[in-house]
Amino acid sequence: MFYREAGDFKTSYRDDGQTFPIRLDRWGYYAILAVAFLVVPFVIDSYWANAVLVPFLIYAIAAIGLNILTGYAGQVSLGTGGFMAVGAYAVYKLMTSFPGVPIVVHIVLAGAITAVVGVLFGLPSLRIKGFYLAVATLAAQFFLVWLFNKVPWFYNYSASGQINAPERTILGWAVTGPATTASAKYLICLVFAVVLAWVARNLTRGSVGRKWMAIRDMDIAAEIIGVNPLTAKLSAFAVSSFFVGIAGALLFSVYLGAAEASEAFGINKSFLVLFMIIIGGLGSIFGSFAGAAFLVLLPVLLKNVLVAQFGWPTDLAAHIELMIVGALIVFFLIVEPHGLARLWALTKEKLRLWPFPH
Amino acid sequence: MKLKLATVALGAVMAAAPAMADLVVPNLSYRTGPYGANGTQYADGFNDYFTLLNERDGGIGGEKIQTPECETAYNTEKGVECYEATKGSGALVYNPLSTGITYQLIPKVSADKIPLYTPGYGRTSAKNGKVFEWVFNAPANYWDGASVAIKYLLDQNGGDLNGKKIALVYHNSAYGKEPIRTLQELSKKHGFTLTELPVDPPGQEQKSQWLQIRRDKPDYVLMWGWGVMNQTAIQEAANIRFPMENFIGTYWSGSEVDVKPVGAGANGYKALTFHGVGMDYPIYEDMKKHVIDPGKASQGGQYVGSVLYSRGMYAAVVIAEAIAKAQELAGTAQINATQLRDGFEALDITPERLAELGLPDFGPEIKMTCDNHGGSGMARLQQWDASAGKWSLITDFTEPDQEVLDPLILEDSEAYAKEAGISPRC
């Protein structure tokens, strides 16, 4: 009853294969996009941008990136933080070396540089799998952070090893630097998130994505039916790192404005993004968004409720918050091991029949 | 799911908007995580001094002071969230007690025009008020500390450090890297060799660094550590029987929480400080009467008089004095952040004024101007007595080597001005 599917006929393969086959879903998607682009930028304030929506969008991009690698291609990676650092330092070096080039070009280039680095660190995946690969990518995490701390060229020889994003504009609107308005920050992240999610969705349902999934499900069988494991695995590392690099570039230049490698891109970041895709749902674009929302918004929400509403001491609230988030993660994984995306899919199945199940 | 969360969050935030009026001094504190043991004492001292002013004097100039607390866990992303959450409430000044968060906030406060007060931490070159209009770091900064420590060692060695070996054990972050440039310059000037030994944060793992110290046998070890790194380093130094009196920590590596876990082994350890320590100050009578005994102390007052408590209180004293000065200049009790900046720039805390506040000889004279946001930079040394369980001051306030520091500050601040497109004022 909730979904009225009567009369919603598919008369072509194109219709049948679309991302949102149910009309109501499709409308909902368009409505969310319309609100996100046409309403939110006008009402957003700097708290909502800086504490809630910008980190959510950036982490969603990183989660999509890791989901391509881990969820679709089945290669476990603990190097996300390191790859985000590559994106951040790449965009910093590009911004300061070529101030005349538009910032969007720099961000995309930073993604490309990260893709190259990702392929390099993806090479071991041709020989090792599972836990062993996780350890190899963990080495990437530590090596990259060490590198950015050690070599002064990466941080332009600043005394403290910090990198600071100078102001850059798009059509006269500052998108990095302190003068950036809340809506400009939000919009640039939103544009990147929407475009990259669209790219990811279309890659994963095309032949490239099918090859990744074949490798994930059984690499020997995939090889026998003609999937080249070399190109499939390395392309997964490249595309994934491209996404993660863009997330790192945005995190540094748009969101934080200043960063240092070990603090902003430590191992915690790798785990955070990994938890996002596990909670959100492996192998699902929606799951990446849901997982990012869960892990970014919930702590902020709990903090606001516990400290501001109940007036608890901040340290108690911080500890309780960790416990609640931890307990919820365990709860969700027990109730639905396939993550929030699966939960959402089940709800949708039920709603299609509701209120008259067979 | 997303929408539902967002609506609930919206409701929570709307309801959380604090009441306007009063003077708001947000306390971006941390009481959790690897730095929580240190951060919590500082936050208590900071809160308690403002509670004292509210209880005893009815605030500053008749206006009560609010110190809404926000937990940052020493994490820059949470620090940004806290800043955004509190800046709308009429925040007058920020004191985040984290060099990483300070770097994050310097561009933001400059755009939002809110002062940032970072005593003894943050970006050293912020001392140059011509470039850093909104940042203040009096009475002393990292480079001052490094210079005062070297001066002390010069004194110990009859004015000559030629051929001596000094190792720097530092937190591998913006914070720990700050003194390196100064120490390098000083090593050129005085002819000692400097070994840099980075420790990755949070710093529980330092075996290899101390093995190297055992092998190289430096004459002195300096430490730029914070949180759990301090205790570990002092424990490791005790393990390799490094002579504690040759081990000097920075301001942030010299509190009770750092030395107590090591027990008798920490006896003789020295640290820099820029204020007095202990309960032998008249202010604690008022503190006891108005704050502790009525049960209004932050966390029940369990850390009153400790090094970091004193430092938090000292930061609050300077902020309160700047607020009073700003009220005097603006002719109104209800000042805004811009007026507070003027108050900071006209601030002059003389030794007499400190005595009046009940803190005689507690800190150096603080005199700030439009171009000097860092005061005199004087610091002193304290030494840990493990059997008595207390810190005692072993030197007077010493002036740092401005001849070396001034060009460095100028160079770094001008580099920032160029990068950020700031034209110097004053």
# chains A, B, ... in the order shown; residues from 1 in each chain; ligands from 1
>>> residues_around(residues="A:Pro152", least_positions_apart="6", cutoff="12 Å", atoms="only C-alpha atoms", output="ChimeraX atom specification")
/A:89,93,146,158-163 /B:177
>>> select_by_dssp(residues="stretch 142-327 of chain A", states="alpha helix (DSSP H)", output="count of residues only")
122
>>> select_by_dssp(residues="stretch 164-236 of chain B", states="strand (DSSP E)", output="PDB file with C-alpha atoms, in the first residue's frame")
ATOM      1  CA  LYS B 165      75.262  16.386  23.338  1.00  0.00           C
ATOM      2  CA  ILE B 166      71.603  17.213  23.839  1.00  0.00           C
ATOM      3  CA  ALA B 167      68.800  14.912  22.748  1.00  0.00           C
ATOM      4  CA  LEU B 168      65.264  16.104  22.094  1.00  0.00           C
ATOM      5  CA  VAL B 169      62.543  13.502  22.636  1.00  0.00           C
ATOM      6  CA  TYR B 170      59.405  14.886  21.032  1.00  0.00           C
ATOM      7  CA  HIS B 171      55.776  14.084  20.303  1.00  0.00           C
ATOM      8  CA  THR B 193      75.004  18.766  19.019  1.00  0.00           C
ATOM      9  CA  LEU B 194      71.283  18.152  18.860  1.00  0.00           C
ATOM     10  CA  THR B 195      69.767  14.701  18.324  1.00  0.00           C
ATOM     11  CA  GLU B 196      66.100  14.623  17.390  1.00  0.00           C
ATOM     12  CA  LEU B 197      64.123  11.586  18.527  1.00  0.00           C
ATOM     13  CA  PRO B 198      60.484  11.603  17.412  1.00  0.00           C
ATOM     14  CA  VAL B 199      57.902   9.539  19.316  1.00  0.00           C
ATOM     15  CA  TYR B 220      71.073  16.199  28.552  1.00  0.00           C
ATOM     16  CA  VAL B 221      67.662  15.132  27.346  1.00  0.00           C
ATOM     17  CA  LEU B 222      64.928  17.625  26.586  1.00  0.00           C
ATOM     18  CA  MET B 223      61.365  16.430  26.176  1.00  0.00           C
ATOM     19  CA  TRP B 224      58.377  17.846  24.337  1.00  0.00           C
TER      20      TRP B 224
END
>>> interface_residues(of="chain A", to="chain B", cutoff="8 Å", atoms="only C-alpha atoms", output="PyMOL selection string")
chain A and resi 46-47+50-51+149+159-162+166-167+177-179+256-260+262-264+290+293+297-298+301+304-305+308-309+314-315+318-319
>>> residues_around(residues="stretch 364-371 of chain B", least_positions_apart="4", cutoff="6 Å", atoms="only C-alpha atoms", output="list in words")
Asn128, Gly129, Lys130, Pro139, Glu345, Ala346, Leu347, Asp348, Ile349, Thr350, Pro351 and Gly375 of chain B
>>> closest_residue(among="B:Met287, B:Ile319, B:Ala337, B:Ile248", to="B:Leu381", atoms="only C-alpha atoms")
B:Ile248
>>> closest_atom_pairs(of="stretch 167-266 of chain A", to="stretch 100-118 of chain A", cutoff="7 Å", atoms="only C-alpha atoms", output="CSV")
residue,atom,partner,partner_atom,distance
A:Arg168,CA,A:Ile103,CA,6.4
A:Phe237,CA,A:Gly118,CA,5.7
A:Ala238,CA,A:Ala115,CA,4.4
A:Val239,CA,A:Ala115,CA,6.5
A:Ser241,CA,A:Ala115,CA,4.7
A:Phe242,CA,A:Gly111,CA,4.3
A:Phe243,CA,A:Gly111,CA,6.4
A:Gly245,CA,A:Gly111,CA,4.4
A:Ile246,CA,A:Gly111,CA,4.7
A:Ala249,CA,A:Ile107,CA,6.1
>>> write_last_selection(atoms="N, CA and C atoms", output="mmCIF file, in the first residue's frame")
data_model
loop_
_atom_site.group_PDB
_atom_site.id
_atom_site.type_symbol
_atom_site.label_atom_id
_atom_site.label_comp_id
_atom_site.auth_asym_id
_atom_site.auth_seq_id
_atom_site.Cartn_x
_atom_site.Cartn_y
_atom_site.Cartn_z
ATOM 1 N N ARG A 168 40.949 29.275 -2.045
ATOM 2 C CA ARG A 168 40.750 29.076 -3.475
ATOM 3 C C ARG A 168 39.273 29.274 -3.772
ATOM 4 N N PHE A 237 41.655 -1.391 -7.074
ATOM 5 C CA PHE A 237 42.508 -0.556 -6.214
ATOM 6 C C PHE A 237 42.568 0.871 -6.750
ATOM 7 N N ALA A 238 42.668 1.020 -8.067
ATOM 8 C CA ALA A 238 42.799 2.359 -8.643
ATOM 9 C C ALA A 238 41.537 3.174 -8.402
ATOM 10 N N VAL A 239 40.377 2.591 -8.746
ATOM 11 C CA VAL A 239 39.130 3.344 -8.611
ATOM 12 C C VAL A 239 38.863 3.650 -7.142
ATOM 13 N N SER A 241 41.008 3.909 -4.685
ATOM 14 C CA SER A 241 41.929 4.921 -4.170
ATOM 15 C C SER A 241 41.603 6.294 -4.726
ATOM 16 N N PHE A 242 41.095 6.322 -5.958
ATOM 17 C CA PHE A 242 40.688 7.606 -6.530
ATOM 18 C C PHE A 242 39.615 8.246 -5.650
ATOM 19 N N PHE A 243 38.621 7.452 -5.282
ATOM 20 C CA PHE A 243 37.533 7.966 -4.429
ATOM 21 C C PHE A 243 38.083 8.394 -3.069
ATOM 22 N N GLY A 245 41.076 9.172 -2.269
ATOM 23 C CA GLY A 245 41.941 10.340 -2.408
ATOM 24 C C GLY A 245 41.139 11.620 -2.487
ATOM 25 N N ILE A 246 40.032 11.581 -3.222
ATOM 26 C CA ILE A 246 39.192 12.782 -3.307
ATOM 27 C C ILE A 246 38.609 13.095 -1.930
ATOM 28 N N ALA A 249 41.312 14.719 0.022
ATOM 29 C CA ALA A 249 41.566 16.079 -0.442
ATOM 30 C C ALA A 249 40.492 17.032 0.078
#
>>> residues_around(residues="stretch 73-88 of chain A", least_positions_apart="2", cutoff="7 Å", atoms="only C-alpha atoms", output="PyMOL selection string")
chain A and resi 68-71+90-92+110-111+114+130+133-134+137-138+140-141+144-145+212-213+215-216+236+241+244-249+252+261+265-267+269-271
>>> atom_distance(atom1="atom CA of A:Ala317", atom2="atom CA of B:Asn38")
18.3 Å
>>> closest_residue(among="A:Phe121, A:Phe286, A:Tyr3, A:Phe131", to="A:Arg342", atoms="only C-alpha atoms")
A:Phe286
>>> closest_atom_pairs(of="stretch 218-326 of chain B", to="stretch 54-66 of chain B", cutoff="9 Å", atoms="only C-alpha atoms", output="CSV")
residue,atom,partner,partner_atom,distance
B:Asp286,CA,B:Arg56,CA,8.0
B:His290,CA,B:Glu55,CA,6.2
B:Val291,CA,B:Glu55,CA,7.5
B:Ala320,CA,B:Ile60,CA,7.3
B:Glu321,CA,B:Ile60,CA,8.9
B:Ile323,CA,B:Ile60,CA,7.5
B:Ala324,CA,B:Ile60,CA,6.4
>>> atom_distance(atom1="atom CA of B:Leu28", atom2="atom CA of B:Lys296")
19.6 Å
>>> closest_residue(among="A:Asn202, A:Asn268, A:Ser288, A:Thr169", to="A:Gln18", atoms="only C-alpha atoms")
A:Asn202
>>> atom_distance(atom1="atom CA of A:Ala49", atom2="atom CA of B:Val25")
23.0 Å
>>> residues_around(residues="B:Asp44", least_positions_apart="2", cutoff="9 Å", atoms="only C-alpha atoms", output="list in words")
Gly39, Thr40, Gln41, Tyr42, Phe46, Asn47, Asp48, Tyr49, Ala297, Ser298, Gln299, Gly301, Tyr303, Val304, Leu308, Tyr309, Gly312 and Met313 of chain B
>>> decode(residues="stretch 271-316 of chain B", atoms="N, CA and C atoms", output="PDB file, in the first residue's frame")
ATOM      1  N   ALA B 271      61.397  20.354  34.974  1.00  0.00           N
ATOM      2  CA  ALA B 271      60.501  20.777  33.900  1.00  0.00           C
ATOM      3  C   ALA B 271      60.392  22.283  33.893  1.00  0.00           C
ATOM      4  N   LEU B 272      60.074  22.798  32.700  1.00  0.00           N
ATOM      5  CA  LEU B 272      59.851  24.236  32.567  1.00  0.00           C
ATOM      6  C   LEU B 272      58.463  24.580  33.080  1.00  0.00           C
ATOM      7  N   THR B 273      58.290  25.789  33.508  1.00  0.00           N
ATOM      8  CA  THR B 273      56.962  26.263  33.839  1.00  0.00           C
ATOM      9  C   THR B 273      56.955  27.773  33.699  1.00  0.00           C
ATOM     10  N   PHE B 274      55.747  28.341  33.578  1.00  0.00           N
ATOM     11  CA  PHE B 274      55.698  29.800  33.507  1.00  0.00           C
ATOM     12  C   PHE B 274      54.793  30.359  34.591  1.00  0.00           C
ATOM     13  N   HIS B 275      54.648  29.589  35.655  1.00  0.00           N
ATOM     14  CA  HIS B 275      53.826  30.071  36.769  1.00  0.00           C
ATOM     15  C   HIS B 275      54.190  29.273  38.005  1.00  0.00           C
ATOM     16  N   GLY B 276      53.701  29.726  39.130  1.00  0.00           N
ATOM     17  CA  GLY B 276      53.968  29.045  40.381  1.00  0.00           C
ATOM     18  C   GLY B 276      53.137  27.793  40.532  1.00  0.00           C
ATOM     19  N   VAL B 277      53.380  27.065  41.593  1.00  0.00           N
ATOM     20  CA  VAL B 277      52.675  25.806  41.796  1.00  0.00           C
ATOM     21  C   VAL B 277      52.408  25.645  43.286  1.00  0.00           C
ATOM     22  N   GLY B 278      51.435  24.833  43.616  1.00  0.00           N
ATOM     23  CA  GLY B 278      51.151  24.573  45.027  1.00  0.00           C
ATOM     24  C   GLY B 278      50.054  25.466  45.576  1.00  0.00           C
ATOM     25  N   MET B 279      49.772  25.281  46.866  1.00  0.00           N
ATOM     26  CA  MET B 279      48.622  25.946  47.480  1.00  0.00           C
ATOM     27  C   MET B 279      49.033  27.170  48.297  1.00  0.00           C
ATOM     28  N   ASP B 280      50.333  27.559  48.265  1.00  0.00           N
ATOM     29  CA  ASP B 280      50.772  28.653  49.135  1.00  0.00           C
ATOM     30  C   ASP B 280      50.469  30.024  48.562  1.00  0.00           C
ATOM     31  N   TYR B 281      49.272  30.217  48.074  1.00  0.00           N
ATOM     32  CA  TYR B 281      48.900  31.519  47.541  1.00  0.00           C
ATOM     33  C   TYR B 281      47.598  31.939  48.211  1.00  0.00           C
ATOM     34  N   PRO B 282      47.474  33.233  48.532  1.00  0.00           N
ATOM     35  CA  PRO B 282      46.278  33.694  49.242  1.00  0.00           C
ATOM     36  C   PRO B 282      44.979  33.392  48.504  1.00  0.00           C
ATOM     37  N   ILE B 283      45.056  33.258  47.171  1.00  0.00           N
ATOM     38  CA  ILE B 283      43.814  33.060  46.417  1.00  0.00           C
ATOM     39  C   ILE B 283      43.080  31.787  46.864  1.00  0.00           C
ATOM     40  N   TYR B 284      43.850  30.809  47.353  1.00  0.00           N
ATOM     41  CA  TYR B 284      43.207  29.541  47.705  1.00  0.00           C
ATOM     42  C   TYR B 284      42.310  29.649  48.933  1.00  0.00           C
ATOM     43  N   GLU B 285      42.530  30.724  49.755  1.00  0.00           N
ATOM     44  CA  GLU B 285      41.590  30.933  50.869  1.00  0.00           C
ATOM     45  C   GLU B 285      40.203  31.266  50.325  1.00  0.00           C
ATOM     46  N   ASP B 286      40.207  32.202  49.338  1.00  0.00           N
ATOM     47  CA  ASP B 286      38.925  32.551  48.714  1.00  0.00           C
ATOM     48  C   ASP B 286      38.354  31.352  47.972  1.00  0.00           C
ATOM     49  N   MET B 287      39.247  30.654  47.293  1.00  0.00           N
ATOM     50  CA  MET B 287      38.819  29.503  46.499  1.00  0.00           C
ATOM     51  C   MET B 287      38.134  28.479  47.400  1.00  0.00           C
ATOM     52  N   LYS B 288      38.735  28.272  48.575  1.00  0.00           N
ATOM     53  CA  LYS B 288      38.191  27.309  49.521  1.00  0.00           C
ATOM     54  C   LYS B 288      36.825  27.782  50.034  1.00  0.00           C
ATOM     55  N   LYS B 289      36.766  29.063  50.348  1.00  0.00           N
ATOM     56  CA  LYS B 289      35.554  29.602  50.964  1.00  0.00           C
ATOM     57  C   LYS B 289      34.393  29.645  49.968  1.00  0.00           C
ATOM     58  N   HIS B 290      34.673  30.092  48.735  1.00  0.00           N
ATOM     59  CA  HIS B 290      33.576  30.344  47.801  1.00  0.00           C
ATOM     60  C   HIS B 290      33.317  29.189  46.840  1.00  0.00           C
ATOM     61  N   VAL B 291      34.330  28.382  46.588  1.00  0.00           N
ATOM     62  CA  VAL B 291      34.166  27.370  45.548  1.00  0.00           C
ATOM     63  C   VAL B 291      34.227  25.946  46.103  1.00  0.00           C
ATOM     64  N   ILE B 292      35.288  25.648  46.840  1.00  0.00           N
ATOM     65  CA  ILE B 292      35.492  24.249  47.226  1.00  0.00           C
ATOM     66  C   ILE B 292      34.539  23.825  48.344  1.00  0.00           C
ATOM     67  N   ASP B 293      34.493  24.618  49.421  1.00  0.00           N
ATOM     68  CA  ASP B 293      33.634  24.225  50.538  1.00  0.00           C
ATOM     69  C   ASP B 293      32.143  24.179  50.184  1.00  0.00           C
ATOM     70  N   PRO B 294      31.634  25.144  49.414  1.00  0.00           N
ATOM     71  CA  PRO B 294      30.218  25.019  49.019  1.00  0.00           C
ATOM     72  C   PRO B 294      29.965  23.899  47.997  1.00  0.00           C
ATOM     73  N   GLY B 295      31.032  23.184  47.589  1.00  0.00           N
ATOM     74  CA  GLY B 295      30.832  22.066  46.659  1.00  0.00           C
ATOM     75  C   GLY B 295      30.619  22.508  45.222  1.00  0.00           C
ATOM     76  N   LYS B 296      31.152  23.666  44.864  1.00  0.00           N
ATOM     77  CA  LYS B 296      30.946  24.140  43.486  1.00  0.00           C
ATOM     78  C   LYS B 296      32.172  23.895  42.618  1.00  0.00           C
ATOM     79  N   ALA B 297      33.193  23.258  43.176  1.00  0.00           N
ATOM     80  CA  ALA B 297      34.409  23.047  42.397  1.00  0.00           C
ATOM     81  C   ALA B 297      34.146  22.046  41.283  1.00  0.00           C
ATOM     82  N   SER B 298      34.820  22.272  40.158  1.00  0.00           N
ATOM     83  CA  SER B 298      34.724  21.367  39.025  1.00  0.00           C
ATOM     84  C   SER B 298      35.251  19.990  39.454  1.00  0.00           C
ATOM     85  N   GLN B 299      34.457  18.966  39.284  1.00  0.00           N
ATOM     86  CA  GLN B 299      34.805  17.581  39.673  1.00  0.00           C
ATOM     87  C   GLN B 299      35.113  17.442  41.166  1.00  0.00           C
ATOM     88  N   GLY B 300      34.551  18.322  42.004  1.00  0.00           N
ATOM     89  CA  GLY B 300      34.757  18.198  43.436  1.00  0.00           C
ATOM     90  C   GLY B 300      36.091  18.714  43.930  1.00  0.00           C
ATOM     91  N   GLY B 301      36.877  19.337  43.049  1.00  0.00           N
ATOM     92  CA  GLY B 301      38.116  19.966  43.494  1.00  0.00           C
ATOM     93  C   GLY B 301      39.219  19.010  43.888  1.00  0.00           C
ATOM     94  N   GLN B 302      39.265  17.857  43.239  1.00  0.00           N
ATOM     95  CA  GLN B 302      40.273  16.877  43.657  1.00  0.00           C
ATOM     96  C   GLN B 302      41.690  17.215  43.203  1.00  0.00           C
ATOM     97  N   TYR B 303      41.836  18.147  42.262  1.00  0.00           N
ATOM     98  CA  TYR B 303      43.186  18.433  41.764  1.00  0.00           C
ATOM     99  C   TYR B 303      43.673  19.829  42.132  1.00  0.00           C
ATOM    100  N   VAL B 304      42.982  20.492  43.054  1.00  0.00           N
ATOM    101  CA  VAL B 304      43.329  21.879  43.367  1.00  0.00           C
ATOM    102  C   VAL B 304      44.801  21.993  43.738  1.00  0.00           C
ATOM    103  N   GLY B 305      45.498  22.949  43.120  1.00  0.00           N
ATOM    104  CA  GLY B 305      46.895  23.198  43.471  1.00  0.00           C
ATOM    105  C   GLY B 305      47.894  22.425  42.646  1.00  0.00           C
ATOM    106  N   SER B 306      47.448  21.493  41.827  1.00  0.00           N
ATOM    107  CA  SER B 306      48.409  20.755  41.004  1.00  0.00           C
ATOM    108  C   SER B 306      48.943  21.674  39.902  1.00  0.00           C
ATOM    109  N   VAL B 307      49.992  21.218  39.213  1.00  0.00           N
ATOM    110  CA  VAL B 307      50.623  22.055  38.193  1.00  0.00           C
ATOM    111  C   VAL B 307      49.626  22.446  37.108  1.00  0.00           C
ATOM    112  N   LEU B 308      48.915  21.451  36.592  1.00  0.00           N
ATOM    113  CA  LEU B 308      48.037  21.751  35.467  1.00  0.00           C
ATOM    114  C   LEU B 308      46.795  22.504  35.916  1.00  0.00           C
ATOM    115  N   TYR B 309      46.355  22.242  37.137  1.00  0.00           N
ATOM    116  CA  TYR B 309      45.242  23.020  37.691  1.00  0.00           C
ATOM    117  C   TYR B 309      45.662  24.483  37.755  1.00  0.00           C
ATOM    118  N   SER B 310      46.867  24.727  38.291  1.00  0.00           N
ATOM    119  CA  SER B 310      47.357  26.095  38.402  1.00  0.00           C
ATOM    120  C   SER B 310      47.431  26.753  37.040  1.00  0.00           C
ATOM    121  N   ARG B 311      47.831  25.955  36.041  1.00  0.00           N
ATOM    122  CA  ARG B 311      47.990  26.532  34.712  1.00  0.00           C
ATOM    123  C   ARG B 311      46.644  26.888  34.095  1.00  0.00           C
ATOM    124  N   GLY B 312      45.646  26.012  34.316  1.00  0.00           N
ATOM    125  CA  GLY B 312      44.309  26.324  33.828  1.00  0.00           C
ATOM    126  C   GLY B 312      43.777  27.570  34.508  1.00  0.00           C
ATOM    127  N   MET B 313      44.049  27.655  35.814  1.00  0.00           N
ATOM    128  CA  MET B 313      43.592  28.814  36.574  1.00  0.00           C
ATOM    129  C   MET B 313      44.296  30.075  36.063  1.00  0.00           C
ATOM    130  N   TYR B 314      45.580  29.948  35.775  1.00  0.00           N
ATOM    131  CA  TYR B 314      46.355  31.088  35.301  1.00  0.00           C
ATOM    132  C   TYR B 314      45.797  31.590  33.969  1.00  0.00           C
ATOM    133  N   ALA B 315      45.456  30.648  33.080  1.00  0.00           N
ATOM    134  CA  ALA B 315      44.858  31.050  31.798  1.00  0.00           C
ATOM    135  C   ALA B 315      43.567  31.817  32.050  1.00  0.00           C
ATOM    136  N   ALA B 316      42.783  31.327  33.022  1.00  0.00           N
ATOM    137  CA  ALA B 316      41.527  31.999  33.340  1.00  0.00           C
ATOM    138  C   ALA B 316      41.784  33.384  33.923  1.00  0.00           C
TER     139      ALA B 316
END
